[in-house]
Amino acid sequence: MDIKLLSTFKVRRWAAKFLQNSIYTYLLMQSVLMRPVESLNCSQPTPESLLKALRETAFTKTAVRPVITLKTPTKITLGFTMYAIIDLDEKAQTLDTFLWLWFDWQVEGLSWDPVECGTDRITLPRKKLWRPDLVINEFMNENQTPETYYLTLYNTGKAEDGLPFHVISSCNLDIYSFPFDIQNCTYTFSSYKHTKRDVQLFFSEPAEDTLKSSLFYMETKGEWELIDLVAGKPQNSTYFNFDGLDSWDELAYYIVMRRRPTLYVVNLLIPSYFLITVDLFSFLLPPQNVDRSAFKMTLILGYTVFLLLMNDLLPVTGNTIPIINVFFSLCLALMVASLLETILVTNILCGSSNYPPLPNWVKVLFLHYIARLICLGKRTSEENSSTQMGNTDTTSSSSENKRNKIRQQEKDSETSLNLAGEELKELGIIHENLLTIRHHVDKHFSSNQNTKEWIHLGEIIDRFLFISYIIFLSVSFITIIIFWMYWYSFGRKTED
């Protein structure tokens, strides 16, 4: 029993001693690593003296954040100036820009007397101090700008760094209103490794000042124009560290740009309007005298070659089809429809005499309703021809009555006078010849009426497509003007 008590006592004594040593070691390390750094003492106001003092203090702590207590987050303020919008690739969905990025942070416990050390700031190589690992989350390629090697350290302990940045970032593009589109891309800055418990980000200046400086220093006057810039912290950030306990602090810049559409209006829309207008005025050519189909085929060929040559100017991908692509497709479809209509009208003019009569539903739909809709009723000549046919029918019926009377008189005379058989045969032959002539006359007037109805149908189709052309050109022109006015008003609104 005494042996057991003795061993228990020894174990407890060893544990207490181990715990005491551990606490002493922890306090010693904390006092060594985290004790405040006093103001630097320079032996003389020269750069060599200041560098010597920095080597003994700040230069030996580049591996950890420059804080007295590791629970204290490092506060970093950042900003940038956009010098150029190089390109916006619709196919790759990327934005190519050139930035000048600057950021600063505080080295806690570091300071010196500018009079004693001879300066209030010094330029140092970046590797001599701890630097934050800031990244742009939308970054898609490596930074290809010339390397810079120095940062600035002030006597208050403030470190300031700036470097050029060639940013190729992802951007979700909406090209429906191309070439009058306005795009909104995002730059999200955050630390690569440190969460918000370690690193906190702040804006160095308001977004309005960033926009003004970017517009002032903008070197490129290319296809895209910077019109607005909005900054803020994302509200729905879902980036967590690997253990799921904390998230990264982020700063988001929303860059609003609009495309300068003059190039596309001059090279795409205006030539397309010229070609479609020429095709519109081709309806004024009389199809019975001029080969309108050859002229239209030449226009279609020229429009197809035009689209092939201008294909590089059109966007090739996106979530939605650009409205300008729909416009070009409708223009080509109308040209093809007008060519088919010309072939149909030419065929009607050349072979309508052999066609059967028009069906009743075609007469009701086209000759009655659509003809009234496009203000193309029956011609006066057709009405006169129908009147003449009525008169012909009346004349033929009266002549038939006369022939019947003559036939009756012939029978009476045959009975009364008992004419010879040869004279009766001659009268029968004359009667048959008269009936044949009458049948041919009736057939001629009937076929002439069918031909006129077919020709009138072709004229209605030709007029209907002509009016459809005018409506399409008017609607498309008004739509383009609306898009252009919205593009212009949005730019004026952001400028104000």
# chains A, B, ... in the order shown; residues from 1 in each chain; ligands from 1
>>> residues_around(residues="Val345 of chain A", least_positions_apart="3", cutoff="8 Å", atoms="only C-alpha atoms", output="PyMOL selection string")
chain A and resi 287+341-342+348-349+455+458-459+462
>>> select_by_dssp(residues="segment 116-202 of chain A", states="strand (DSSP E or B)", output="count of residues only")
41
>>> closest_atom_pairs(of="segment 201-255 of chain A", to="segment 150-172 of chain A", cutoff="12 Å", atoms="only C-alpha atoms", output="Markdown table")
| residue | atom | partner | partner_atom | distance |
| --- | --- | --- | --- | --- |
| A:Ser204 | CA | A:Glu160 | CA | 11.7 |
| A:Tyr254 | CA | A:Cys171 | CA | 10.8 |
| A:Ile255 | CA | A:Cys171 | CA | 10.3 |
>>> closest_residue(among="A:Leu308, A:Asp279, A:Thr186, A:Lys193", to="Ile470 of chain A", atoms="only C-alpha atoms")
A:Asp279
>>> atom_distance(atom1="atom CA of Met82 of chain A", atom2="atom CA of His194 of chain A")
26.3 Å
>>> atom_distance(atom1="atom CA of Met310 of chain A", atom2="atom CA of Gln93 of chain A")
20.8 Å
>>> closest_residue(among="A:Leu173, A:Leu70, A:Ala294, A:Ile85", to="Ile227 of chain A", atoms="only C-alpha atoms")
A:Ile85
>>> residues_around(residues="Thr304 of chain A", least_positions_apart="5", cutoff="12 Å", atoms="only C-alpha atoms", output="VMD selection string")
chain A and resid 272 275 297 to 299 309 to 311 328 to 329 331 to 333 335 to 336
>>> write_last_selection(atoms="all heavy atoms", output="JSON list (two decimals), in the first residue's frame")
[["chain", "number", "residue", "atom", "x", "y", "z"],
["A", 272, "SER", "N", -25.83, 46.08, -95.18],
["A", 272, "SER", "CA", -26.96, 45.14, -95.21],
["A", 272, "SER", "C", -28.26, 45.85, -95.56],
["A", 272, "SER", "O", -29.07, 45.34, -96.34],
["A", 272, "SER", "CB", -27.07, 44.44, -93.85],
["A", 272, "SER", "OG", -28.13, 43.52, -93.86],
["A", 275, "LEU", "N", -28.33, 46.55, -99.38],
["A", 275, "LEU", "CA", -28.65, 45.39, -100.20],
["A", 275, "LEU", "C", -30.12, 45.01, -100.11],
["A", 275, "LEU", "O", -30.76, 44.69, -101.11],
["A", 275, "LEU", "CB", -27.76, 44.21, -99.78],
["A", 275, "LEU", "CG", -26.27, 44.33, -100.13],
["A", 275, "LEU", "CD1", -25.49, 43.16, -99.55],
["A", 275, "LEU", "CD2", -26.07, 44.39, -101.64],
["A", 297, "MET", "N", -31.10, 36.67, -107.75],
["A", 297, "MET", "CA", -30.06, 35.68, -107.48],
["A", 297, "MET", "C", -28.69, 36.35, -107.33],
["A", 297, "MET", "O", -27.88, 35.95, -106.48],
["A", 297, "MET", "CB", -30.02, 34.63, -108.59],
["A", 297, "MET", "CG", -31.22, 33.68, -108.59],
["A", 297, "MET", "SD", -31.16, 32.49, -109.92],
["A", 297, "MET", "CE", -29.73, 31.54, -109.45],
["A", 298, "THR", "N", -28.43, 37.38, -108.11],
["A", 298, "THR", "CA", -27.18, 38.12, -107.98],
["A", 298, "THR", "C", -27.10, 38.82, -106.61],
["A", 298, "THR", "O", -26.05, 38.84, -105.96],
["A", 298, "THR", "CB", -27.06, 39.15, -109.11],
["A", 298, "THR", "OG1", -27.19, 38.49, -110.36],
["A", 298, "THR", "CG2", -25.73, 39.87, -109.04],
["A", 299, "LEU", "N", -28.23, 39.38, -106.16],
["A", 299, "LEU", "CA", -28.26, 40.02, -104.86],
["A", 299, "LEU", "C", -28.02, 39.01, -103.74],
["A", 299, "LEU", "O", -27.28, 39.30, -102.78],
["A", 299, "LEU", "CB", -29.60, 40.72, -104.65],
["A", 299, "LEU", "CG", -29.78, 42.10, -105.29],
["A", 299, "LEU", "CD1", -31.18, 42.63, -105.01],
["A", 299, "LEU", "CD2", -28.74, 43.07, -104.77],
["A", 309, "LEU", "N", -17.47, 37.59, -95.54],
["A", 309, "LEU", "CA", -16.35, 38.50, -95.30],
["A", 309, "LEU", "C", -16.44, 39.17, -93.93],
["A", 309, "LEU", "O", -15.43, 39.43, -93.28],
["A", 309, "LEU", "CB", -16.31, 39.56, -96.40],
["A", 309, "LEU", "CG", -15.96, 39.07, -97.82],
["A", 309, "LEU", "CD1", -16.05, 40.21, -98.82],
["A", 309, "LEU", "CD2", -14.58, 38.45, -97.85],
["A", 310, "MET", "N", -17.66, 39.46, -93.47],
["A", 310, "MET", "CA", -17.86, 40.15, -92.20],
["A", 310, "MET", "C", -18.04, 39.20, -91.03],
["A", 310, "MET", "O", -18.39, 39.62, -89.93],
["A", 310, "MET", "CB", -19.08, 41.07, -92.30],
["A", 310, "MET", "CG", -18.94, 42.20, -93.30],
["A", 310, "MET", "SD", -17.66, 43.41, -92.84],
["A", 310, "MET", "CE", -16.39, 43.03, -94.05],
["A", 311, "ASN", "N", -17.83, 37.90, -91.25],
["A", 311, "ASN", "CA", -18.07, 36.92, -90.19],
["A", 311, "ASN", "C", -17.15, 37.12, -88.99],
["A", 311, "ASN", "O", -17.54, 36.83, -87.85],
["A", 311, "ASN", "CB", -17.89, 35.51, -90.76],
["A", 311, "ASN", "CG", -18.31, 34.44, -89.77],
["A", 311, "ASN", "OD1", -19.35, 34.54, -89.14],
["A", 311, "ASN", "ND2", -17.49, 33.41, -89.65],
["A", 328, "PHE", "N", -29.71, 39.52, -89.70],
["A", 328, "PHE", "CA", -29.09, 39.04, -90.93],
["A", 328, "PHE", "C", -29.80, 37.79, -91.46],
["A", 328, "PHE", "O", -29.98, 37.64, -92.68],
["A", 328, "PHE", "CB", -27.61, 38.75, -90.69],
["A", 328, "PHE", "CG", -26.78, 39.98, -90.46],
["A", 328, "PHE", "CD1", -25.69, 39.95, -89.62],
["A", 328, "PHE", "CD2", -27.11, 41.17, -91.08],
["A", 328, "PHE", "CE1", -24.92, 41.09, -89.39],
["A", 328, "PHE", "CE2", -26.35, 42.32, -90.87],
["A", 328, "PHE", "CZ", -25.26, 42.27, -90.03],
["A", 329, "SER", "N", -30.19, 36.90, -90.58],
["A", 329, "SER", "CA", -30.89, 35.69, -91.02],
["A", 329, "SER", "C", -32.23, 36.03, -91.65],
["A", 329, "SER", "O", -32.62, 35.45, -92.67],
["A", 329, "SER", "CB", -31.08, 34.74, -89.83],
["A", 329, "SER", "OG", -29.84, 34.37, -89.27],
["A", 331, "CYS", "N", -33.00, 38.88, -93.10],
["A", 331, "CYS", "CA", -32.72, 39.52, -94.39],
["A", 331, "CYS", "C", -32.48, 38.48, -95.47],
["A", 331, "CYS", "O", -33.03, 38.56, -96.59],
["A", 331, "CYS", "CB", -31.52, 40.45, -94.26],
["A", 331, "CYS", "SG", -31.82, 41.96, -93.34],
["A", 332, "LEU", "N", -31.66, 37.49, -95.16],
["A", 332, "LEU", "CA", -31.38, 36.44, -96.14],
["A", 332, "LEU", "C", -32.64, 35.63, -96.44],
["A", 332, "LEU", "O", -32.89, 35.26, -97.59],
["A", 332, "LEU", "CB", -30.26, 35.54, -95.61],
["A", 332, "LEU", "CG", -29.75, 34.47, -96.57],
["A", 332, "LEU", "CD1", -29.18, 35.10, -97.83],
["A", 332, "LEU", "CD2", -28.68, 33.61, -95.89],
["A", 333, "ALA", "N", -33.46, 35.36, -95.42],
["A", 333, "ALA", "CA", -34.70, 34.60, -95.63],
["A", 333, "ALA", "C", -35.67, 35.39, -96.52],
["A", 333, "ALA", "O", -36.33, 34.81, -97.40],
["A", 333, "ALA", "CB", -35.34, 34.28, -94.28],
["A", 335, "MET", "N", -34.82, 37.60, -98.80],
["A", 335, "MET", "CA", -34.29, 37.56, -100.16],
["A", 335, "MET", "C", -34.61, 36.26, -100.87],
["A", 335, "MET", "O", -35.01, 36.24, -102.04],
["A", 335, "MET", "CB", -32.77, 37.79, -100.12],
["A", 335, "MET", "CG", -32.35, 39.21, -99.83],
["A", 335, "MET", "SD", -30.55, 39.41, -99.93],
["A", 335, "MET", "CE", -30.41, 41.19, -99.75],
["A", 336, "VAL", "N", -34.46, 35.15, -100.15],
["A", 336, "VAL", "CA", -34.78, 33.85, -100.73],
["A", 336, "VAL", "C", -36.28, 33.75, -101.01],
["A", 336, "VAL", "O", -36.70, 33.24, -102.06],
["A", 336, "VAL", "CB", -34.31, 32.72, -99.79],
["A", 336, "VAL", "CG1", -34.77, 31.37, -100.31],
["A", 336, "VAL", "CG2", -32.79, 32.73, -99.67]]
>>> closest_residue(among="A:Ser214, A:Thr119, A:Thr94, A:Gln235", to="Pro45 of chain A", atoms="only C-alpha atoms")
A:Thr119
>>> residues_around(residues="segment 61-66 of chain A", least_positions_apart="2", cutoff="6 Å", atoms="only C-alpha atoms", output="short mmCIF file (atom, residue, chain, number, x, y, z; two decimals) with N, CA, C and O atoms, in the first residue's frame")
data_model
loop_
_atom_site.label_atom_id
_atom_site.label_comp_id
_atom_site.auth_asym_id
_atom_site.auth_seq_id
_atom_site.Cartn_x
_atom_site.Cartn_y
_atom_site.Cartn_z
N ALA A 58 13.33 44.05 -38.21
CA ALA A 58 12.26 43.71 -39.16
C ALA A 58 12.67 42.65 -40.16
O ALA A 58 11.85 41.80 -40.55
N PHE A 59 13.91 42.66 -40.64
CA PHE A 59 14.32 41.75 -41.69
C PHE A 59 14.34 40.29 -41.25
O PHE A 59 14.38 39.38 -42.08
N VAL A 107 3.26 47.45 -40.24
CA VAL A 107 4.20 46.59 -39.54
C VAL A 107 4.18 47.02 -38.07
O VAL A 107 4.75 48.06 -37.70
N GLU A 108 3.51 46.25 -37.25
CA GLU A 108 3.29 46.65 -35.86
C GLU A 108 4.61 46.66 -35.08
O GLU A 108 5.45 45.76 -35.23
N LEU A 129 10.69 42.09 -46.45
CA LEU A 129 9.55 42.23 -45.55
C LEU A 129 8.46 41.22 -45.92
O LEU A 129 8.41 40.71 -47.06
N TRP A 130 7.60 40.98 -44.96
CA TRP A 130 6.41 40.15 -45.24
C TRP A 130 5.46 40.91 -46.15
O TRP A 130 5.22 42.11 -45.96
#
>>> residues_around(residues="Phe189 of chain A", least_positions_apart="3", cutoff="7 Å", atoms="only C-alpha atoms", output="number ranges by chain")
A: 134-137, 250-252
>>> residues_around(residues="Leu40 of chain A", least_positions_apart="6", cutoff="12 Å", atoms="only C-alpha atoms", output="PyMOL selection string")
chain A and resi 49-58+109-117+155-157
>>> residues_around(residues="Asn325 of chain A", least_positions_apart="6", cutoff="12 Å", atoms="only C-alpha atoms", output="compact mmCIF listing (two decimals) with all heavy atoms, in the first residue's frame")
# COMPACT_ATOMS: atom_id res chain seq x y z
N ILE A 175 -24.35 39.14 -74.92
CA ILE A 175 -24.15 39.78 -76.22
C ILE A 175 -25.44 39.84 -77.02
O ILE A 175 -25.42 39.93 -78.25
CB ILE A 175 -23.06 39.04 -77.03
CG1 ILE A 175 -23.43 37.56 -77.19
CG2 ILE A 175 -21.71 39.19 -76.37
CD1 ILE A 175 -22.47 36.79 -78.06
N TYR A 176 -26.59 39.80 -76.34
CA TYR A 176 -27.87 39.84 -77.06
C TYR A 176 -28.02 41.13 -77.86
O TYR A 176 -28.49 41.10 -79.00
CB TYR A 176 -29.02 39.67 -76.07
CG TYR A 176 -30.38 39.82 -76.70
CD1 TYR A 176 -30.91 38.81 -77.49
CD2 TYR A 176 -31.13 40.98 -76.50
CE1 TYR A 176 -32.15 38.96 -78.08
CE2 TYR A 176 -32.38 41.12 -77.09
CZ TYR A 176 -32.88 40.11 -77.87
OH TYR A 176 -34.12 40.25 -78.45
N SER A 177 -27.64 42.27 -77.26
CA SER A 177 -27.83 43.56 -77.92
C SER A 177 -26.61 44.00 -78.72
O SER A 177 -26.48 45.19 -79.01
CB SER A 177 -28.17 44.63 -76.88
OG SER A 177 -27.17 44.70 -75.89
N PHE A 178 -25.71 43.10 -79.06
CA PHE A 178 -24.56 43.42 -79.89
C PHE A 178 -25.00 44.12 -81.17
O PHE A 178 -25.97 43.70 -81.81
CB PHE A 178 -23.81 42.11 -80.23
CG PHE A 178 -22.68 42.28 -81.21
CD1 PHE A 178 -21.42 42.56 -80.76
CD2 PHE A 178 -22.89 42.13 -82.57
CE1 PHE A 178 -20.37 42.72 -81.66
CE2 PHE A 178 -21.86 42.29 -83.47
CZ PHE A 178 -20.60 42.57 -83.00
N PRO A 179 -24.34 45.21 -81.63
CA PRO A 179 -23.13 45.83 -81.09
C PRO A 179 -23.39 46.97 -80.10
O PRO A 179 -22.50 47.76 -79.84
CB PRO A 179 -22.47 46.37 -82.35
CG PRO A 179 -23.62 46.79 -83.21
CD PRO A 179 -24.72 45.81 -82.94
N LEU A 268 -21.40 46.66 -91.07
CA LEU A 268 -22.38 45.57 -91.07
C LEU A 268 -23.79 46.05 -91.38
O LEU A 268 -24.42 45.58 -92.33
CB LEU A 268 -22.36 44.85 -89.72
CG LEU A 268 -21.11 44.01 -89.40
CD1 LEU A 268 -21.23 43.42 -88.01
CD2 LEU A 268 -20.94 42.90 -90.42
N LEU A 269 -24.30 46.97 -90.58
CA LEU A 269 -25.72 47.33 -90.69
C LEU A 269 -26.02 48.14 -91.94
O LEU A 269 -26.98 47.84 -92.66
CB LEU A 269 -26.13 48.11 -89.43
CG LEU A 269 -26.14 47.30 -88.14
CD1 LEU A 269 -26.54 48.18 -86.97
CD2 LEU A 269 -27.10 46.13 -88.24
N SER A 272 -25.83 46.08 -95.18
CA SER A 272 -26.96 45.14 -95.21
C SER A 272 -28.26 45.85 -95.56
O SER A 272 -29.07 45.34 -96.34
CB SER A 272 -27.07 44.44 -93.85
OG SER A 272 -28.13 43.52 -93.86
N LEU A 307 -21.69 38.45 -95.95
CA LEU A 307 -21.74 37.84 -94.61
C LEU A 307 -20.48 37.02 -94.33
O LEU A 307 -19.99 36.99 -93.20
CB LEU A 307 -22.99 36.97 -94.47
CG LEU A 307 -24.33 37.71 -94.44
CD1 LEU A 307 -25.47 36.71 -94.30
CD2 LEU A 307 -24.38 38.73 -93.32
N MET A 310 -17.66 39.46 -93.47
CA MET A 310 -17.86 40.15 -92.20
C MET A 310 -18.04 39.20 -91.03
O MET A 310 -18.39 39.62 -89.93
CB MET A 310 -19.08 41.07 -92.30
CG MET A 310 -18.94 42.20 -93.30
SD MET A 310 -17.66 43.41 -92.84
CE MET A 310 -16.39 43.03 -94.05
N ASN A 311 -17.83 37.90 -91.25
CA ASN A 311 -18.07 36.92 -90.19
C ASN A 311 -17.15 37.12 -88.99
O ASN A 311 -17.54 36.83 -87.85
CB ASN A 311 -17.89 35.51 -90.76
CG ASN A 311 -18.31 34.44 -89.77
OD1 ASN A 311 -19.35 34.54 -89.14
ND2 ASN A 311 -17.49 33.41 -89.65
N LEU A 313 -16.29 39.83 -87.63
CA LEU A 313 -16.76 40.91 -86.78
C LEU A 313 -17.92 40.50 -85.88
O LEU A 313 -18.26 41.22 -84.94
CB LEU A 313 -17.20 42.11 -87.62
CG LEU A 313 -16.10 42.81 -88.42
CD1 LEU A 313 -16.68 43.95 -89.26
CD2 LEU A 313 -15.01 43.34 -87.50
N LEU A 314 -18.53 39.36 -86.15
CA LEU A 314 -19.70 38.92 -85.38
C LEU A 314 -19.27 38.07 -84.20
O LEU A 314 -18.31 37.30 -84.29
CB LEU A 314 -20.65 38.12 -86.27
CG LEU A 314 -21.31 38.90 -87.42
CD1 LEU A 314 -22.10 37.94 -88.29
CD2 LEU A 314 -22.20 39.99 -86.89
N PRO A 315 -19.95 38.18 -83.06
CA PRO A 315 -19.64 37.28 -81.92
C PRO A 315 -20.03 35.85 -82.26
O PRO A 315 -21.04 35.59 -82.93
CB PRO A 315 -20.51 37.85 -80.79
CG PRO A 315 -21.60 38.60 -81.47
CD PRO A 315 -21.01 39.13 -82.75
N VAL A 316 -19.23 34.92 -81.79
CA VAL A 316 -19.41 33.52 -82.17
C VAL A 316 -19.97 32.67 -81.06
O VAL A 316 -20.23 31.49 -81.27
CB VAL A 316 -18.06 32.92 -82.65
CG1 VAL A 316 -17.61 33.61 -83.93
CG2 VAL A 316 -16.99 33.05 -81.58
N THR A 317 -20.12 33.20 -79.87
CA THR A 317 -20.65 32.38 -78.77
C THR A 317 -21.35 33.29 -77.78
O THR A 317 -21.25 34.51 -77.83
CB THR A 317 -19.51 31.62 -78.07
OG1 THR A 317 -20.09 30.74 -77.10
CG2 THR A 317 -18.56 32.55 -77.38
N CYS A 331 -33.00 38.88 -93.10
CA CYS A 331 -32.72 39.52 -94.39
C CYS A 331 -32.48 38.48 -95.47
O CYS A 331 -33.03 38.56 -96.59
CB CYS A 331 -31.52 40.45 -94.26
SG CYS A 331 -31.82 41.96 -93.34
N LEU A 332 -31.66 37.49 -95.16
CA LEU A 332 -31.38 36.44 -96.14
C LEU A 332 -32.64 35.63 -96.44
O LEU A 332 -32.89 35.26 -97.59
CB LEU A 332 -30.26 35.54 -95.61
CG LEU A 332 -29.75 34.47 -96.57
CD1 LEU A 332 -29.18 35.10 -97.83
CD2 LEU A 332 -28.68 33.61 -95.89
>>> closest_residue(among="A:Tyr253, A:Tyr217, A:Lys212, A:Leu280", to="Pro234 of chain A", atoms="only C-alpha atoms")
A:Tyr253
>>> closest_residue(among="A:Asn267, A:Thr148, A:Thr60, A:Thr97", to="Met218 of chain A", atoms="only C-alpha atoms")
A:Thr97
